[in-house]
file start-v1.cif (mmCIF, C-alpha atoms (C1' of nucleotides))
data_entry
#
loop_
_atom_site.label_atom_id
_atom_site.label_comp_id
_atom_site.auth_asym_id
_atom_site.auth_seq_id
_atom_site.Cartn_x
_atom_site.Cartn_y
_atom_site.Cartn_z
CA MET O 1 -0.69 4.01 -11.48
CA SER O 2 2.43 5.05 -9.62
CA LEU O 3 4.79 2.36 -10.83
CA ARG O 4 4.58 4.03 -14.22
CA HIS O 5 5.58 7.36 -12.70
CA ALA O 6 8.39 5.79 -10.72
CA LEU O 7 9.76 4.35 -13.96
CA LEU O 8 9.43 7.66 -15.78
CA GLY O 9 11.27 9.25 -12.86
CA VAL O 10 14.27 6.95 -12.90
CA LEU O 11 14.48 7.08 -16.70
CA SER O 12 14.55 10.87 -16.49
CA MET O 13 17.92 10.52 -14.78
CA ARG O 14 19.47 8.37 -17.48
CA GLU O 15 18.84 5.75 -20.12
CA MET O 16 18.45 2.36 -18.48
CA SER O 17 17.52 -1.25 -19.12
CA GLY O 18 14.83 -3.08 -17.15
CA TYR O 19 17.59 -4.79 -15.25
CA ASP O 20 19.30 -1.49 -14.40
CA ILE O 21 16.00 -0.12 -13.17
CA LYS O 22 15.37 -3.11 -10.97
CA ARG O 23 18.78 -2.72 -9.36
CA HIS O 24 18.31 0.99 -8.91
CA PHE O 25 14.90 0.39 -7.34
CA ASP O 26 16.29 -2.09 -4.89
CA ARG O 27 19.10 0.18 -3.83
CA ALA O 28 17.76 3.70 -3.89
CA VAL O 29 14.01 3.83 -4.32
CA HIS O 30 13.15 0.80 -2.26
CA PHE O 31 11.55 2.40 0.79
CA VAL O 32 9.32 4.66 -1.30
CA TRP O 33 8.32 2.14 -3.94
CA ASN O 34 9.13 -1.38 -4.97
CA ALA O 35 8.28 -3.72 -7.78
CA SER O 36 9.18 -7.18 -8.96
CA ASP O 37 11.22 -7.61 -12.10
CA SER O 38 8.37 -9.13 -14.08
CA GLN O 39 6.18 -6.18 -13.22
CA ILE O 40 8.85 -3.76 -14.37
CA TYR O 41 9.38 -5.52 -17.71
CA ARG O 42 5.65 -5.66 -18.35
CA GLU O 43 5.12 -2.02 -17.52
CA LEU O 44 8.05 -0.96 -19.71
CA ARG O 45 6.53 -2.73 -22.70
CA GLN O 46 3.17 -1.11 -22.06
CA MET O 47 4.78 2.29 -21.78
CA GLU O 48 6.61 1.76 -25.02
CA ARG O 49 3.33 0.85 -26.72
CA GLY O 50 1.93 4.09 -25.28
CA GLU O 51 4.95 5.98 -26.67
CA LEU O 52 6.08 7.39 -23.34
CA ILE O 53 9.44 5.69 -23.83
CA VAL O 54 11.46 4.23 -26.67
CA SER O 55 13.98 1.42 -26.58
CA ARG O 56 17.00 0.30 -28.50
CA VAL O 57 18.68 -3.07 -28.27
CA VAL O 58 22.36 -3.13 -27.42
CA PRO O 59 24.13 -6.34 -28.43
CA GLN O 60 26.66 -7.61 -25.95
CA GLU O 61 29.21 -10.37 -25.94
CA GLY O 62 29.32 -12.97 -23.24
CA LYS O 63 26.20 -11.46 -21.73
CA PRO O 64 22.61 -11.34 -22.95
CA ASN O 65 21.74 -8.39 -25.14
CA LYS O 66 20.03 -5.58 -23.37
CA ARG O 67 17.24 -3.19 -24.21
CA LEU O 68 17.84 0.38 -23.13
CA TYR O 69 14.88 2.69 -22.61
CA GLN O 70 14.69 6.45 -22.67
CA LEU O 71 11.91 8.97 -22.30
CA THR O 72 10.12 10.50 -25.26
CA ASP O 73 8.83 14.06 -25.12
CA ALA O 74 5.44 12.66 -24.22
CA GLY O 75 7.08 10.76 -21.35
CA VAL O 76 8.75 13.88 -19.97
CA THR O 77 5.45 15.74 -20.21
CA GLU O 78 3.62 12.96 -18.39
CA LEU O 79 6.23 12.90 -15.61
CA ASP O 80 6.12 16.63 -15.05
CA HIS O 81 2.36 16.64 -15.20
CA TRP O 82 2.17 14.00 -12.50
CA LEU O 83 4.65 15.81 -10.29
CA ALA O 84 2.53 18.95 -10.38
CA SER O 85 -0.83 17.19 -9.97
CA PRO O 86 -2.80 17.00 -6.69
CA VAL O 87 -1.48 14.57 -4.07
CA GLU O 88 -3.06 11.18 -3.69
CA ARG O 89 -4.51 10.65 -0.29
CA PRO O 90 -2.25 8.56 1.93
CA TYR O 91 -2.41 4.81 1.49
CA SER O 92 -4.47 3.31 4.23
CA LYS O 93 -3.20 -0.23 4.10
CA GLU O 94 -1.16 -0.96 7.16
CA PRO O 95 -1.09 -4.66 8.00
CA PHE O 96 0.65 -4.01 11.29
CA LEU O 97 -1.88 -1.45 12.53
CA LEU O 98 -4.68 -3.74 11.40
CA ARG O 99 -3.34 -6.40 13.74
CA LEU O 100 -3.13 -3.95 16.62
CA PHE O 101 -6.79 -3.27 16.10
CA PHE O 102 -7.64 -6.85 17.05
CA LEU O 103 -4.69 -7.60 19.28
CA SER O 104 -6.82 -7.95 22.41
CA ARG O 105 -7.55 -11.46 21.17
CA VAL O 106 -4.04 -12.78 21.69
CA SER O 107 -1.96 -13.60 24.75
CA TYR O 108 0.46 -11.18 26.40
CA GLU O 109 3.37 -13.15 25.02
CA ASP O 110 2.14 -13.11 21.43
CA ALA O 111 1.31 -9.43 21.61
CA ARG O 112 4.72 -8.60 22.98
CA LYS O 113 6.43 -10.66 20.30
CA LEU O 114 4.54 -8.77 17.61
CA LEU O 115 5.47 -5.36 18.98
CA GLU O 116 9.12 -6.35 19.34
CA ALA O 117 9.18 -7.60 15.77
CA ARG O 118 7.74 -4.35 14.49
CA LEU O 119 10.26 -2.40 16.52
CA GLY O 120 12.94 -4.46 14.83
CA GLU O 121 11.59 -3.49 11.40
CA VAL O 122 11.49 0.16 12.37
CA GLU O 123 15.05 0.08 13.63
CA SER O 124 16.28 -1.57 10.49
CA LEU O 125 14.63 1.18 8.43
CA LEU O 126 16.44 3.72 10.59
CA ASP O 127 19.70 1.96 9.78
CA VAL O 128 18.91 2.15 6.09
CA ALA O 129 18.25 5.86 6.48
CA ALA O 130 21.56 6.42 8.25
CA GLU O 131 23.39 4.50 5.57
CA ARG O 132 21.73 6.50 2.78
CA LEU O 133 22.69 9.78 4.47
CA GLN O 134 26.24 8.49 4.59
CA ILE O 135 26.21 7.83 0.87
CA PHE O 136 24.76 11.26 0.15
CA SER O 137 27.46 13.00 2.14
CA ASP O 138 30.19 11.51 -0.04
CA PRO O 139 31.75 14.58 -1.69
CA THR O 140 32.88 12.64 -4.77
CA ARG O 141 29.30 11.70 -5.45
CA SER O 142 27.98 12.69 -8.84
CA GLY O 143 24.51 13.91 -9.68
CA ARG O 144 22.57 17.12 -9.71
CA PRO O 145 22.75 18.97 -6.35
CA GLU O 146 19.03 19.85 -6.39
CA ALA O 147 18.09 16.20 -6.67
CA LEU O 148 20.41 15.47 -3.78
CA TRP O 149 18.83 18.22 -1.69
CA TRP O 150 15.36 16.71 -2.04
CA GLN O 151 16.51 13.17 -1.49
CA THR O 152 18.34 14.15 1.67
CA ARG O 153 15.24 15.87 3.01
CA LEU O 154 13.19 12.83 2.13
CA ILE O 155 15.46 10.54 4.13
CA GLU O 156 15.39 13.02 7.00
CA GLY O 157 11.60 12.91 7.00
CA MET O 158 11.57 9.17 6.99
CA ARG O 159 14.04 9.14 9.86
CA ARG O 160 11.83 11.37 11.97
CA VAL O 161 8.65 9.47 11.26
CA GLN O 162 10.29 6.14 12.03
CA SER O 163 11.82 7.54 15.21
CA ALA O 164 8.40 8.62 16.39
CA GLU O 165 7.01 5.18 15.73
CA GLY O 166 9.92 3.56 17.52
CA ALA O 167 9.43 5.70 20.61
CA TRP O 168 5.73 4.90 20.68
CA LEU O 169 6.40 1.16 20.35
CA ARG O 170 8.91 1.22 23.20
CA GLU O 171 6.40 2.94 25.48
CA LEU O 172 3.71 0.53 24.45
CA ILE O 173 5.89 -2.48 25.24
CA ARG O 174 6.83 -0.98 28.60
CA ASP O 175 3.20 -0.32 29.52
CA LEU O 176 2.20 -3.77 28.42
CA ASP O 177 4.86 -5.23 30.69
CA THR O 178 3.87 -3.20 33.74
CA SER O 179 0.16 -3.86 33.46
CA GLN O 180 0.96 -7.51 32.92
CA ARG O 181 3.11 -7.62 36.06
CA ASN O 182 0.65 -6.11 38.49
CA GLU O 183 -2.30 -7.70 36.75
CA ALA O 184 -4.44 -4.65 37.53
CA GLY O 185 -4.63 -4.44 33.92
CA GLU O 186 -6.24 -3.31 30.86
CA PRO O 187 -4.21 -5.08 28.34
CA GLY O 188 -5.42 -7.56 25.95
CA ALA O 189 -4.74 -11.15 26.80
CA ARG O 190 -7.78 -13.31 26.47
CA GLY O 191 -6.70 -15.29 29.47
CA GLU O 192 -9.78 -16.90 30.91
CA GLY O 193 -11.13 -19.39 28.41
CA GLY O 194 -7.98 -19.85 26.41
CA GLN O 195 -7.78 -22.43 23.73
CA GLY O 196 -4.24 -23.22 22.75
CA SER O 197 -2.97 -23.32 19.25
CA MET Q 1 -4.25 -11.29 1.94
CA SER Q 2 -5.04 -8.84 4.68
CA LEU Q 3 -8.52 -7.85 3.58
CA ARG Q 4 -9.55 -11.36 4.53
CA HIS Q 5 -8.09 -10.91 8.00
CA ALA Q 6 -9.69 -7.51 8.41
CA LEU Q 7 -13.06 -9.09 7.63
CA LEU Q 8 -12.46 -11.95 10.04
CA GLY Q 9 -11.54 -9.35 12.65
CA VAL Q 10 -14.67 -7.27 12.36
CA LEU Q 11 -16.87 -10.37 12.20
CA SER Q 12 -15.27 -11.57 15.42
CA MET Q 13 -16.92 -8.62 17.12
CA ARG Q 14 -20.42 -9.41 15.91
CA GLU Q 15 -22.48 -10.90 13.12
CA MET Q 16 -22.68 -8.44 10.23
CA SER Q 17 -23.83 -8.04 6.66
CA GLY Q 18 -21.55 -6.86 3.86
CA TYR Q 19 -23.20 -3.49 4.09
CA ASP Q 20 -22.63 -3.28 7.87
CA ILE Q 21 -18.99 -4.16 7.34
CA LYS Q 22 -18.55 -1.48 4.71
CA ARG Q 23 -19.99 1.13 7.05
CA HIS Q 24 -17.88 -0.06 9.93
CA PHE Q 25 -14.78 0.02 7.74
CA ASP Q 26 -15.45 3.55 6.65
CA ARG Q 27 -15.96 4.76 10.18
CA ALA Q 28 -13.62 2.86 12.40
CA VAL Q 29 -11.06 0.86 10.44
CA HIS Q 30 -10.54 3.33 7.64
CA PHE Q 31 -7.04 4.60 8.41
CA VAL Q 32 -5.64 1.10 8.88
CA TRP Q 33 -7.38 -0.59 5.98
CA ASN Q 34 -9.98 0.22 3.37
CA ALA Q 35 -11.86 -1.63 0.69
CA SER Q 36 -14.57 -0.95 -1.84
CA ASP Q 37 -17.99 -2.54 -1.40
CA SER Q 38 -17.63 -4.80 -4.42
CA GLN Q 39 -14.36 -6.11 -3.06
CA ILE Q 40 -15.93 -6.83 0.32
CA TYR Q 41 -18.87 -8.73 -1.21
CA ARG Q 42 -16.57 -10.77 -3.41
CA GLU Q 43 -14.23 -11.65 -0.57
CA LEU Q 44 -17.13 -12.64 1.69
CA ARG Q 45 -18.40 -15.10 -0.90
CA GLN Q 46 -14.93 -16.57 -1.30
CA MET Q 47 -14.57 -16.90 2.45
CA GLU Q 48 -17.91 -18.65 2.68
CA ARG Q 49 -16.81 -21.10 -0.01
CA GLY Q 50 -13.69 -21.67 2.08
CA GLU Q 51 -15.87 -22.24 5.16
CA LEU Q 52 -14.28 -19.54 7.26
CA ILE Q 53 -17.70 -17.90 7.65
CA VAL Q 54 -21.34 -18.88 7.24
CA SER Q 55 -24.26 -16.70 6.26
CA ARG Q 56 -27.99 -16.61 6.79
CA VAL Q 57 -30.45 -14.48 4.87
CA VAL Q 58 -32.68 -12.20 6.91
CA PRO Q 59 -35.84 -11.13 5.06
CA GLN Q 60 -36.80 -7.51 5.58
CA GLU Q 61 -39.80 -5.43 4.64
CA GLY Q 62 -39.43 -2.20 2.76
CA LYS Q 63 -35.70 -2.81 2.51
CA PRO Q 64 -33.73 -5.39 0.55
CA ASN Q 65 -33.11 -8.65 2.35
CA LYS Q 66 -29.75 -8.93 3.94
CA ARG Q 67 -27.21 -11.66 4.39
CA LEU Q 68 -25.59 -11.84 7.81
CA TYR Q 69 -22.22 -13.50 8.19
CA GLN Q 70 -20.58 -15.02 11.21
CA LEU Q 71 -17.30 -16.82 11.85
CA THR Q 72 -17.01 -20.58 11.87
CA ASP Q 73 -14.53 -22.32 14.17
CA ALA Q 74 -12.16 -22.48 11.23
CA GLY Q 75 -12.57 -18.71 10.82
CA VAL Q 76 -11.71 -18.01 14.46
CA THR Q 77 -8.67 -20.27 14.20
CA GLU Q 78 -7.49 -18.51 11.06
CA LEU Q 79 -7.89 -15.09 12.69
CA ASP Q 80 -5.95 -16.05 15.79
CA HIS Q 81 -3.32 -17.78 13.75
CA TRP Q 82 -2.77 -14.64 11.69
CA LEU Q 83 -2.58 -12.42 14.77
CA ALA Q 84 0.18 -14.54 16.22
CA SER Q 85 2.13 -14.96 12.97
CA PRO Q 86 5.28 -13.00 12.04
CA VAL Q 87 4.76 -9.38 10.96
CA GLU Q 88 4.75 -8.47 7.30
CA ARG Q 89 7.45 -6.02 6.41
CA PRO Q 90 6.14 -2.47 6.10
CA TYR Q 91 4.51 -1.53 2.84
CA SER Q 92 6.88 0.48 0.75
CA LYS Q 93 4.42 2.20 -1.53
CA GLU Q 94 4.25 5.85 -0.72
CA PRO Q 95 3.12 7.94 -3.66
CA PHE Q 96 3.93 11.17 -1.86
CA LEU Q 97 7.50 10.20 -1.00
CA LEU Q 98 7.95 8.95 -4.54
CA ARG Q 99 7.16 12.43 -5.80
CA LEU Q 100 9.59 14.01 -3.38
CA PHE Q 101 12.25 11.82 -4.88
CA PHE Q 102 11.90 13.58 -8.21
CA LEU Q 103 10.67 16.94 -7.02
CA SER Q 104 13.76 18.78 -8.15
CA ARG Q 105 12.16 18.73 -11.60
CA VAL Q 106 9.34 21.11 -10.72
CA SER Q 107 9.17 24.82 -9.96
CA TYR Q 108 9.31 26.30 -6.49
CA GLU Q 109 5.58 27.07 -6.66
CA ASP Q 110 4.56 23.57 -7.63
CA ALA Q 111 6.82 22.02 -5.01
CA ARG Q 112 5.41 24.26 -2.34
CA LYS Q 113 1.85 23.48 -3.37
CA LEU Q 114 2.55 19.78 -3.08
CA LEU Q 115 4.05 20.06 0.39
CA GLU Q 116 1.17 22.23 1.59
CA ALA Q 117 -1.34 19.74 0.25
CA ARG Q 118 0.39 16.88 2.04
CA LEU Q 119 0.46 18.91 5.23
CA GLY Q 120 -3.28 19.35 4.83
CA GLU Q 121 -3.76 15.59 4.58
CA VAL Q 122 -1.63 15.01 7.63
CA GLU Q 123 -3.56 17.57 9.63
CA SER Q 124 -6.87 16.09 8.64
CA LEU Q 125 -5.65 12.68 9.82
CA LEU Q 126 -4.74 14.28 13.13
CA ASP Q 127 -8.29 15.61 13.36
CA VAL Q 128 -9.65 12.15 12.73
CA ALA Q 129 -7.41 10.83 15.50
CA ALA Q 130 -8.63 13.47 17.94
CA GLU Q 131 -12.22 12.69 17.08
CA ARG Q 132 -11.70 8.96 17.58
CA LEU Q 133 -10.12 9.55 20.99
CA GLN Q 134 -13.17 11.63 21.85
CA ILE Q 135 -15.46 8.75 20.94
CA PHE Q 136 -13.39 6.28 22.92
CA SER Q 137 -13.55 8.44 26.04
CA ASP Q 138 -17.35 8.30 26.08
CA PRO Q 139 -18.12 6.44 29.34
CA THR Q 140 -21.43 5.05 28.05
CA ARG Q 141 -19.58 3.37 25.25
CA SER Q 142 -20.07 -0.37 25.01
CA GLY Q 143 -17.48 -2.94 24.08
CA ARG Q 144 -14.73 -4.96 25.69
CA PRO Q 145 -12.29 -2.77 27.61
CA GLU Q 146 -9.24 -4.68 26.35
CA ALA Q 147 -10.22 -3.96 22.77
CA LEU Q 148 -10.64 -0.31 23.70
CA TRP Q 149 -7.21 -0.26 25.34
CA TRP Q 150 -5.49 -1.43 22.14
CA GLN Q 151 -7.48 0.81 19.87
CA THR Q 152 -6.68 3.83 22.00
CA ARG Q 153 -2.98 3.03 21.87
CA LEU Q 154 -3.23 2.56 18.12
CA ILE Q 155 -4.72 6.01 17.65
CA GLU Q 156 -2.09 7.45 19.94
CA GLY Q 157 0.62 5.91 17.79
CA MET Q 158 -0.91 7.27 14.66
CA ARG Q 159 -1.14 10.70 16.25
CA ARG Q 160 2.54 10.71 17.11
CA VAL Q 161 3.68 9.50 13.72
CA GLN Q 162 1.52 12.06 11.91
CA SER Q 163 2.73 14.82 14.22
CA ALA Q 164 6.31 13.97 13.38
CA GLU Q 165 5.53 14.11 9.68
CA GLY Q 166 3.71 17.42 10.10
CA ALA Q 167 6.67 18.99 11.91
CA TRP Q 168 9.06 17.80 9.22
CA LEU Q 169 6.84 19.19 6.45
CA ARG Q 170 6.59 22.57 8.14
CA GLU Q 171 10.36 22.81 8.41
CA LEU Q 172 10.76 21.73 4.84
CA ILE Q 173 8.36 24.39 3.62
CA ARG Q 174 10.12 27.02 5.71
CA ASP Q 175 13.54 26.05 4.35
CA LEU Q 176 12.24 25.98 0.84
CA ASP Q 177 10.90 29.51 1.30
CA THR Q 178 14.12 30.90 2.74
CA SER Q 179 16.40 29.40 0.15
CA GLN Q 180 14.03 30.62 -2.52
CA ARG Q 181 14.10 34.15 -1.13
CA ASN Q 182 17.82 34.63 -0.95
CA GLU Q 183 18.46 32.55 -4.06
CA ALA Q 184 21.65 31.20 -2.48
CA GLY Q 185 20.01 27.97 -2.65
CA GLU Q 186 19.97 24.34 -3.15
CA PRO Q 187 16.33 23.75 -3.68
CA GLY Q 188 14.83 22.14 -6.57
CA ALA Q 189 13.31 24.51 -9.07
CA ARG Q 190 14.50 23.80 -12.55
CA GLY Q 191 13.75 27.23 -13.93
CA GLU Q 192 16.67 29.34 -15.01
CA GLY Q 193 19.53 27.00 -15.20
CA GLY Q 194 22.83 27.23 -13.52
CA GLN Q 195 23.09 28.43 -10.08
CA GLY Q 196 25.91 26.69 -8.51
CA SER Q 197 27.55 26.01 -5.25
"C1'" DC U 1 -39.45 15.49 -6.99
"C1'" DG U 2 -34.85 14.27 -6.07
"C1'" DA U 3 -31.25 12.77 -2.88
"C1'" DG U 4 -29.58 9.51 0.06
"C1'" DA U 5 -29.87 5.32 2.99
"C1'" DC U 6 -30.45 0.49 2.53
"C1'" DA U 7 -28.67 -3.78 0.29
"C1'" DT U 8 -26.32 -6.95 -3.02
"C1'" DG U 9 -24.17 -7.89 -6.68
"C1'" DT U 10 -21.78 -8.43 -12.00
"C1'" DA U 11 -18.25 -7.30 -15.51
"C1'" DA U 12 -14.27 -5.47 -17.11
"C1'" DC U 13 -10.13 -3.99 -16.18
"C1'" DC U 14 -5.66 -2.79 -13.95
"C1'" DT U 15 -1.96 -3.86 -10.64
"C1'" DG U 16 0.95 -6.95 -8.19
"C1'" DT U 17 2.92 -11.65 -6.92
"C1'" DT U 18 4.95 -16.16 -7.77
"C1'" DA U 19 6.83 -19.63 -10.30
"C1'" DC U 20 9.14 -20.94 -14.24
"C1'" DA U 21 12.40 -20.82 -18.54
"C1'" DT U 22 16.80 -19.72 -20.74
"C1'" DG U 23 21.81 -19.46 -20.98
"C1'" DA U 24 26.64 -17.61 -20.85
"C1'" DT U 25 30.23 -15.90 -17.54
"C1'" DT U 26 32.63 -15.20 -13.35
"C1'" DC U 27 33.95 -16.20 -8.68
"C1'" DC U 28 34.72 -19.47 -4.81
"C1'" DG X 1 30.68 -28.23 -9.22
"C1'" DG X 2 27.53 -24.65 -7.68
"C1'" DA X 3 26.12 -20.01 -6.79
"C1'" DA X 4 25.75 -15.31 -8.22
"C1'" DT X 5 25.49 -11.82 -11.86
"C1'" DC X 6 23.71 -10.37 -16.14
"C1'" DA X 7 19.41 -10.08 -18.88
"C1'" DT X 8 14.60 -10.73 -20.52
"C1'" DG X 9 10.67 -12.57 -20.47
"C1'" DT X 10 5.81 -15.82 -20.14
"C1'" DA X 11 1.81 -17.68 -17.62
"C1'" DA X 12 -1.25 -18.05 -14.10
"C1'" DC X 13 -3.28 -16.18 -10.39
"C1'" DA X 14 -4.56 -12.93 -6.54
"C1'" DG X 15 -5.88 -8.47 -5.08
"C1'" DG X 16 -7.99 -3.98 -5.97
"C1'" DT X 17 -10.64 -0.30 -8.73
"C1'" DT X 18 -14.44 1.58 -11.43
"C1'" DA X 19 -18.61 1.60 -13.57
"C1'" DC X 20 -23.00 -0.14 -13.80
"C1'" DA X 21 -27.68 -2.47 -12.46
"C1'" DT X 22 -31.66 -2.91 -9.41
"C1'" DG X 23 -35.44 -1.42 -6.36
"C1'" DT X 24 -37.89 0.48 -2.03
"C1'" DC X 25 -38.36 3.76 1.56
"C1'" DT X 26 -37.69 8.13 3.99
"C1'" DC X 27 -36.71 12.90 4.45
"C1'" DG X 28 -36.76 17.64 3.07
#
call {"tool": "encode", "arguments": {"input": "start-v1.cif", "output": "structure tokens"}}
result
Amino acid sequence: MSLRHALLGVLSMREMSGYDIKRHFDRAVHFVWNASDSQIYRELRQMERGELIVSRVVPQEGKPNKRLYQLTDAGVTELDHWLASPVERPYSKEPFLLRLFFLSRVSYEDARKLLEARLGEVESLLDVAAERLQIFSDPTRSGRPEALWWQTRLIEGMRRVQSAEGAWLRELIRDLDTSQRNEAGEPGARGEGGQGS
Amino acid sequence: MSLRHALLGVLSMREMSGYDIKRHFDRAVHFVWNASDSQIYRELRQMERGELIVSRVVPQEGKPNKRLYQLTDAGVTELDHWLASPVERPYSKEPFLLRLFFLSRVSYEDARKLLEARLGEVESLLDVAAERLQIFSDPTRSGRPEALWWQTRLIEGMRRVQSAEGAWLRELIRDLDTSQRNEAGEPGARGEGGQGS
DNA sequence: CGAGACATGTAACCTGTTACATGATTCC
DNA sequence: GGAATCATGTAACAGGTTACATGTCTCG
């Protein structure tokens, strides 16, 4: 139930509405967790029923009223308890790797396209990381320096992991090309009996 | 709906029962996808209703009867269509990274424990990778060589990504220790209140 | 005698996605 | 005039988890 903990986490920084949280998720938390707005609103109501958070309605003019949430003591306790609890084992749901597993079924061209597309995703995540580091290095930036320290290290870790994946993908594409060219090859293409699509 | 595609993939290798699939998942596919047995059985029934697979019951003595599934033409088409379709964007649900995001809330000891535990997970995944490569290098091993080529590259990719994460974690632990020792530090521990810049 | 492999499933529940509804204000 | 922002939600469905039920055989 990690969405709950993500919400407790962002609310520990400041009082926020569902809408604020959604925006904050999309900007800052996005590559570690994401959620749709309806999921966030539903979870907030459930958490309020469970007394981890309380809300107050703030009337506004010209805009819809908003409902601001903040943590209760029980919420703070729950957050800190989660942070100190044993790690979950890593998610093993990787649609891309699952495809690789069966990629010998498809043609050289389709395989190559898939690898290139993934490389594109990886590179765009690297751009996001660079951009985040830029934001963090802004000296006028507010916020607790310890939080910044951890978030910077987190981005750094992501950068290194994505770099490793990128390097691997580039090698893989290169090897696929060479073994395709001299046909001596291992690689996947079904080739002989091919039905088209 | 990637469980469906994972099931189509393993059934493309050979006819299997739900139980066979579960075992195969746990052994070979586990770090790219996993599923509970009840989920597998449910999805198989739905796929049979959708005519992607067909089953036949094989009576057995001393053991429960079993139901073997194989792909229909529609199932093969669906599998190949998925393999050639655009990549999903990477899953952004990483409970560990989510914790890091808020880790400035916890004490040095708790933070360190968490990082060590994650390092343990990463190292055990590296062991799994090594073991898989061992199995693949068995010359008596059966199976299509193109499938083996892709699966070997997949494991290699996983190895490199996990290595990168391991290296990052070790540095992070080291830096946490040093800045804890000379107290000059940034790192997270809430503890005593204001140390500053 | 008990544990574990074999084999398939139901029921209840929780989590996540998609589509839809509402309605004022601001910017192009 | 139309899109985007602000703001909160409902309803229906799909995907995933957990607990439970059943029964035989084999191994130690």
call {"tool": "resolve_selection", "arguments": {"input": "start-v1.cif", "expression": "the PyMOL selection byres ((chain X and resi 21) around 12)", "output": "compact mmCIF listing (two decimals) with C-alpha atoms (C1' of nucleotides), in the frame of the given file"}}
result
# COMPACT_ATOMS: atom_id res chain seq x y z
C1' DT U 8 -26.32 -6.95 -3.02
C1' DG U 9 -24.17 -7.89 -6.68
C1' DT U 10 -21.78 -8.43 -12.00
C1' DA U 11 -18.25 -7.30 -15.51
C1' DA X 19 -18.61 1.60 -13.57
C1' DC X 20 -23.00 -0.14 -13.80
C1' DT X 22 -31.66 -2.91 -9.41
C1' DG X 23 -35.44 -1.42 -6.36
call {"tool": "resolve_selection", "arguments": {"input": "start-v1.cif", "expression": "the PyMOL selection byres ((chain O) within 8 of (chain X))", "output": "short mmCIF file (atom, residue, chain, number, x, y, z; two decimals) with C-alpha atoms, in the coordinates of the input"}}
result
data_model
loop_
_atom_site.label_atom_id
_atom_site.label_comp_id
_atom_site.auth_asym_id
_atom_site.auth_seq_id
_atom_site.Cartn_x
_atom_site.Cartn_y
_atom_site.Cartn_z
CA TYR O 19 17.59 -4.79 -15.25
CA SER O 38 8.37 -9.13 -14.08
CA TYR O 41 9.38 -5.52 -17.71
CA LYS O 63 26.20 -11.46 -21.73
CA PRO O 64 22.61 -11.34 -22.95
CA ASN O 65 21.74 -8.39 -25.14
CA LYS O 66 20.03 -5.58 -23.37
#
call {"tool": "interface_residues", "arguments": {"input": "start-v1.cif", "of": "chain O", "to": "chain U", "cutoff": "12 Å", "atoms": "only C-alpha atoms (C1' of nucleotides)", "output": "JSON, numbers by chain"}}
result
{"O": [1, 2, 3, 4, 34, 35, 36, 37, 38, 39, 40, 42, 43, 60, 61, 62, 63, 64, 65]}
call {"tool": "closest_atom_pairs", "arguments": {"input": "start-v1.cif", "of": "chain O", "to": "chain Q", "cutoff": "6 Å", "atoms": "all atoms listed in the file", "output": "tab-separated table"}}
result
residue	atom	partner	partner_atom	distance
O:Phe31	CA	Q:Ser92	CA	5.0
O:Val32	CA	Q:Glu94	CA	5.2
O:Trp33	CA	Q:Lys93	CA	4.6
O:Ala84	CA	Q:Asp110	CA	5.7
O:Ser92	CA	Q:Phe31	CA	5.1
O:Lys93	CA	Q:Trp33	CA	4.6
O:Glu94	CA	Q:Val32	CA	5.2
O:Leu97	CA	Q:Val32	CA	5.8
O:Leu98	CA	Q:Val32	CA	5.5
O:Phe101	CA	Q:Gln151	CA	5.6
O:Ser104	CA	Q:Ala147	CA	5.3
O:Asp110	CA	Q:Ala84	CA	5.7
O:Glu146	CA	Q:Gly188	CA	4.8
O:Ala147	CA	Q:Ser104	CA	5.3
O:Gln151	CA	Q:Phe101	CA	5.6
O:Gly157	CA	Q:Trp168	CA	5.9
O:Val161	CA	Q:Ala164	CA	5.5
O:Ala164	CA	Q:Val161	CA	5.5
O:Glu165	CA	Q:Val161	CA	5.8
O:Trp168	CA	Q:Gly157	CA	6.0
O:Glu186	CA	Q:Glu146	CA	5.6
O:Pro187	CA	Q:Glu146	CA	5.4
O:Gly188	CA	Q:Glu146	CA	4.8
call {"tool": "axis_aligned_box", "arguments": {"input": "start-v1.cif", "around": "segment 4-9 of chain U", "padding_each_side": "6 Å", "output": "AutoDock Vina command-line options"}}
result
--center_x -27.3 --center_y 0.8 --center_z -1.8 --size_x 18.3 --size_y 29.4 --size_z 21.7
call {"tool": "atom_distance", "arguments": {"input": "start-v1.cif", "atom1": "atom CA of Gln46 of chain O", "atom2": "atom CA of Asp20 of chain O"}}
result
17.9 Å
call {"tool": "atom_distance", "arguments": {"input": "start-v1.cif", "atom1": "atom CA of Glu51 of chain Q", "atom2": "atom CA of Tyr69 of chain Q"}}
result
11.2 Å
call {"tool": "atom_distance", "arguments": {"input": "start-v1.cif", "atom1": "atom CA of Lys22 of chain Q", "atom2": "atom CA of Leu133 of chain Q"}}
result
21.4 Å
call {"tool": "resolve_selection", "arguments": {"input": "start-v1.cif", "expression": "the PyMOL selection byres ((chain O and resi 54) around 7)", "output": "MDAnalysis selection string"}}
result
chainID O and resid 48 51 53 55 69:72
call {"tool": "decode", "arguments": {"input": "start-v1.cif", "residues": "segment 110-120 of chain O", "atoms": "C-alpha atoms", "output": "compact mmCIF listing (two decimals), in the first residue's frame"}}
result
# COMPACT_ATOMS: atom_id res chain seq x y z
CA ASP O 110 10.90 -5.12 -35.20
CA ALA O 111 13.44 -6.10 -32.58
CA ARG O 112 15.66 -3.19 -33.47
CA LYS O 113 12.74 -0.78 -33.36
CA LEU O 114 11.85 -1.97 -29.87
CA LEU O 115 15.38 -1.55 -28.54
CA GLU O 116 15.68 1.92 -30.06
CA ALA O 117 12.38 2.94 -28.51
CA ARG O 118 13.51 1.77 -25.10
CA LEU O 119 16.78 3.60 -25.50
CA GLY O 120 14.74 6.70 -26.22
